[in-house]
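See below for the structure under consideration.
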Protein chains: 2
Amino acid sequence: MAVYTDVGDEELVAFVAAYDIGEVISFKGIAEGVENSNYLLQTTAGSHILTLYEKRVKPEDLPYFIGYMEHLAAQDIACPTPLHARDGNALRELCGRPAAIVTFLKGMWPRRILPGHCAQLGNAMARMHLAGAGFSMQRANSLSVGAWRGLFESCAARAHEVRDGLDSLLETEIGFLEANWPAGLPSGVCHADLFPDNVFFLDDRLSGVIDFYFACNDFYAYDIAICLNAWCFERDGSFNVTKAQLMLSEYRKVRPLADDELQALPVLARGSATRFLLTRLYDWLNHPEGAMVQPKDPLEYLGFLQFHQQISGPGAYGL
Amino acid sequence: MAVYTDVGDEELVAFVAAYDIGEVISFKGIAEGVENSNYLLQTTAGSHILTLYEKRVKPEDLPYFIGYMEHLAAQDIACPTPLHARDGNALRELCGRPAAIVTFLKGMWPRRILPGHCAQLGNAMARMHLAGAGFSMQRANSLSVGAWRGLFESCAARAHEVRDGLDSLLETEIGFLEANWPAGLPSGVCHADLFPDNVFFLDDRLSGVIDFYFACNDFYAYDIAICLNAWCFERDGSFNVTKAQLMLSEYRKVRPLADDELQALPVLARGSATRFLLTRLYDWLNHPEGAMVQPKDPLEYLGFLQFHQQISGPGAYGL
């Protein structure tokens, strides 16, 4: 839950006056998202989301994120569409921070994941992958395999505070991933953070995708691997192969998976588990006292990693 | 900023289905308020606020709070109106907690307090005091003078962590307040928490009052004293007598203040400052590590208390 920047009355009114969206009638901080400040902005023209980009987002990446959202919306992928002010700009400044207003997306993220959610996610993710093909900007994944050793080294000395032996386990795993990370798989624009709280449903139908602030160019199958972890494990840590099978089969109806992509899924899933384990570990060890954001449990992802370590191949995902 | 309870999909849909407000189209936690979980609930019928009452609110007090809101709304005081489910109940249960849906109030609380805000607050507070006269339920102020010594004793041993000498200063002040607290002043239903974030404005006009969860029967002038502290000090700690004068004069145009009420204002303002100093001190010393709510600075209210201690009479408020 996150509102890091308090926006003054006059500043808000002046900011909104630069758009053709009428007058402000309500402005409330939203207790979701951890990277940025998000407000529900209601005007005489309707509901919008105003986002102030805080320090974890690099300003130079914002044109990519904004451009990708506009590109997807133009291809009929349901997602927030950045509004342009009368000066033509979608990315502007408020309270000394980069800021944007995007359209309001109906729906709610699912608190309890059902198999049908996973099936629809597979379909939507594949459509996003296809739709992203025409997007010309590039952004490397700054949290892929090349970044993990550095992240690990910044946490290694204190990893044992979270779990005895976590440091050596991670060191071994990162070595494995560096040696076995695939190359040359089909790639393009990935959302790279398709967690349930970024996918909205309305009446059990997927109504759209939000939060494109980790989007990057990477293997499409890595995006899938992120979703295997984020959507297909139950709260008790068990892997729900029905959910995985539905997600993958619906994906493949829209964008077929090549054999090398399928074979790479277990190592990509280990990599994805390691990436979120590392960033959660970092946040767990470094969150300031009294912070407004409750850090997420890194050990959840240790369990996911250990599942993917012990399977014999992609058949474990219901393929 | 507060969302303490995560509401499941099916639970939400079942809860909303008991009202005549259509289908849910969006549900977002609101990053405001510190006592309860508040959600913006958009349905096909419009916007609403869904509140889950958390442990700091006593369930037995809820009928008073809900009844008071309904009473005020019926008297044309702009405030959220509790919705009744088809079974007739406004106070129901969700996720094991008492819960209510109230109407959505347009407007925003002022981030920067202008004299005009204080003038309108005076008018609205007086109208609320008059409108509350016909409300028949009773609730004692559980955070008035009789509660302060106990609160102090629970913090006294650690008060010096916040400021050297704070313990003896508070002990002396509470003794003074116990000896000099007025009796027999005009009383009735008070909001008792009329801070700027509970008063909404739209186009610089007061659009309504929210958050009635400290409402109680007490001296009307004590409600005014709370507002002298909450609205009339600048961020640098100086007292803005123009704001106070406007607030009081607009109040008196609607509900005249008797001489004993005016004379009691300084001691009531000291009491109000002590009440918020004590509760903030308690929260400061007792907030759990990693809590989602940033505790407020108790020392802000020490400065307010010291201002009221050194004035010679209510003339210092511009009277």
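Every chain in the structure tokens takes a letter, A first, then B, and so on in the order presented; its residues are numbered from 1, and the ligands are numbered from 1 following the presented order.
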
Residues near stretch 58-62 of chain B, anyone? I mean within 8 Å using only C-alpha atoms, not counting same-chain ones fewer than 4 positions away, as a VMD selection string.
chain B and resid 53 66 91 98 139 213

Could you please take those selected residues and save C-alpha atoms as a CSV table (one decimal), in the first residue's frame?
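Output below, filename part.csv:
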chain,number,residue,atom,x,y,z
B,53,TYR,CA,-14.4,-1.7,11.6
B,66,ILE,CA,-24.1,4.9,12.3
B,91,LEU,CA,-24.5,-2.4,10.1
B,98,PRO,CA,-18.6,-5.2,11.5
B,139,ARG,CA,-22.1,8.0,24.2
B,213,TYR,CA,-15.9,7.2,14.8

Taking 2 positions as the minimum chain separation for residues in the same chain, which residues sit within 7 Å of stretch 121-125 of chain B when counting only C-alpha atoms? Answer as a PyMOL selection string.
chain B and resi 117-119+127-129+247-248+250-251+254

Distance-based interface of chain A with chain B, 6 Å, counting only C-alpha atoms, as a PyMOL selection string:
chain A and resi 8-9+25-26+29-31+106-108+111+290+292

If we count only C-alpha atoms, what is near stretch 181-184 of chain A at a cut-off of 12 Å, once residues fewer than 6 positions away on the same chain are taken out, given as a ChimeraX atom specification?
/A:144-146,173-175,218-222,258,260-272

Since we have the selection now, will you write its residues out, keeping C-alpha atoms, as a JSON list (two decimals), in the first residue's frame?
[["chain", "number", "residue", "atom", "x", "y", "z"],
["A", 144, "SER", "CA", 17.38, -10.74, -15.23],
["A", 145, "VAL", "CA", 20.16, -13.27, -14.72],
["A", 146, "GLY", "CA", 22.97, -10.72, -15.05],
["A", 173, "GLU", "CA", 21.50, -21.58, -7.61],
["A", 174, "ILE", "CA", 22.79, -18.37, -9.17],
["A", 175, "GLY", "CA", 25.85, -20.26, -10.41],
["A", 218, "ASP", "CA", 13.09, -10.48, -22.69],
["A", 219, "PHE", "CA", 12.17, -14.05, -23.62],
["A", 220, "TYR", "CA", 8.41, -14.47, -23.89],
["A", 221, "ALA", "CA", 8.81, -17.75, -22.04],
["A", 222, "TYR", "CA", 10.32, -15.89, -19.09],
["A", 258, "ALA", "CA", 8.45, -23.71, -29.78],
["A", 260, "ASP", "CA", 13.14, -24.86, -27.08],
["A", 261, "GLU", "CA", 10.78, -22.54, -25.18],
["A", 262, "LEU", "CA", 9.02, -25.50, -23.58],
["A", 263, "GLN", "CA", 12.29, -27.19, -22.63],
["A", 264, "ALA", "CA", 13.58, -23.95, -21.10],
["A", 265, "LEU", "CA", 10.55, -23.44, -18.85],
["A", 266, "PRO", "CA", 11.99, -25.20, -15.77],
["A", 267, "VAL", "CA", 15.21, -23.17, -15.76],
["A", 268, "LEU", "CA", 13.27, -19.98, -16.50],
["A", 269, "ALA", "CA", 10.92, -20.79, -13.63],
["A", 270, "ARG", "CA", 13.93, -21.33, -11.35],
["A", 271, "GLY", "CA", 15.29, -17.99, -12.56],
["A", 272, "SER", "CA", 12.01, -16.21, -11.97]]

Can you work out which one of B:Leu151, B:Glu178, B:Leu305, B:Phe15 has the shortest atom-to-atom distance to B:Phe233, counting only C-alpha atoms?
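Using only C-alpha atoms, the shortest distance to B:Phe233 belongs to B:Leu305.
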
Between B:Val199, B:Ala179, B:Leu246, B:Ala192, single out the one closest to B:Ala225, counting only C-alpha atoms.
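Nearest candidate to B:Ala225 out of B:Val199, B:Ala179, B:Leu246, B:Ala192: B:Ala192.
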
Step one, run DSSP on the backbone; step two, keep only residues of stretch 26-213 of chain A assigned to helix (DSSP H, G or I); then write them as number ranges by chain.
A: 59-74, 115-134, 145-161, 166-180, 196-198

Hey, what's within 12 Å of A:Val57 if we count only C-alpha atoms and toss same-chain stuff fewer than 5 positions away? As JSON, numbers by chain, please?
{"A": [34, 35, 36, 37, 51, 52, 62, 63, 64, 65, 97, 98, 99, 142, 211, 212, 213, 214, 215]}

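Our summary of the geometry notes that atom CA of B:Ile210 is positioned 21.1 Å from atom CA of A:Ser47.
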
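We find atom CA of A:Gly150 and atom CA of A:Thr274 to be spaced 12.7 Å apart.
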
If you run DSSP over the backbone, which residues in stretch 22-261 of chain B end up strand (DSSP E or B)? Put them as a ChimeraX atom specification.
/B:24-30,37-43,46-52,82,92-94,97-103,107-108,140,187-190,199-202,205-209,216-219,233,239

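Distances here use only C-alpha atoms; by that measure, the residue among B:Leu319, B:Val209, B:Cys190, B:Ala85 closest to B:Ala17 is B:Ala85.
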
Can you tell me, as a list in words, what residues are no more than 6 Å from B:Val189 when counting only C-alpha atoms, ignoring any on the same chain fewer than 3 positions away?
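What passes the distance filter is Gly132, Cys216 and Asn217 of chain B.
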
Compile the contact shell of A:Lys296 as a list in words: residues with an atom at most 12 Å away, counting only C-alpha atoms, same-chain residues fewer than 5 positions apart removed.
Met1, Val34, Phe276, Leu277, Leu278, Thr279, Arg280, Leu281, Tyr282, Asp283, Trp284, Leu285, His287 and Tyr301 of chain A; Gly290 of chain B

With only C-alpha atoms as the counted atoms, please give the residues lying no more than 12 Å from B:Ser238, apart from itself and same-chain residues fewer than 4 positions off, as a tab-separated table (two decimals) with C-alpha atoms, in the first residue's frame.
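Writing done, so here's around-v2.tsv:
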chain	number	residue	atom	x	y	z
B	229	ASN	CA	-5.69	23.02	17.53
B	231	TRP	CA	-6.92	24.00	12.00
B	232	CYS	CA	-5.40	27.21	13.37
B	233	PHE	CA	-1.73	26.44	13.85
B	234	GLU	CA	0.69	26.87	10.98
B	242	THR	CA	-7.08	35.18	11.72
B	243	LYS	CA	-8.11	31.58	11.14
B	300	GLU	CA	3.39	18.91	17.42
B	301	TYR	CA	0.72	18.88	20.12
B	303	GLY	CA	3.78	23.03	21.05
B	304	PHE	CA	0.02	23.66	20.81
B	305	LEU	CA	-0.39	22.93	24.54
B	306	GLN	CA	2.36	25.36	25.45
B	307	PHE	CA	0.70	28.07	23.38
B	308	HIS	CA	-2.57	27.72	25.27
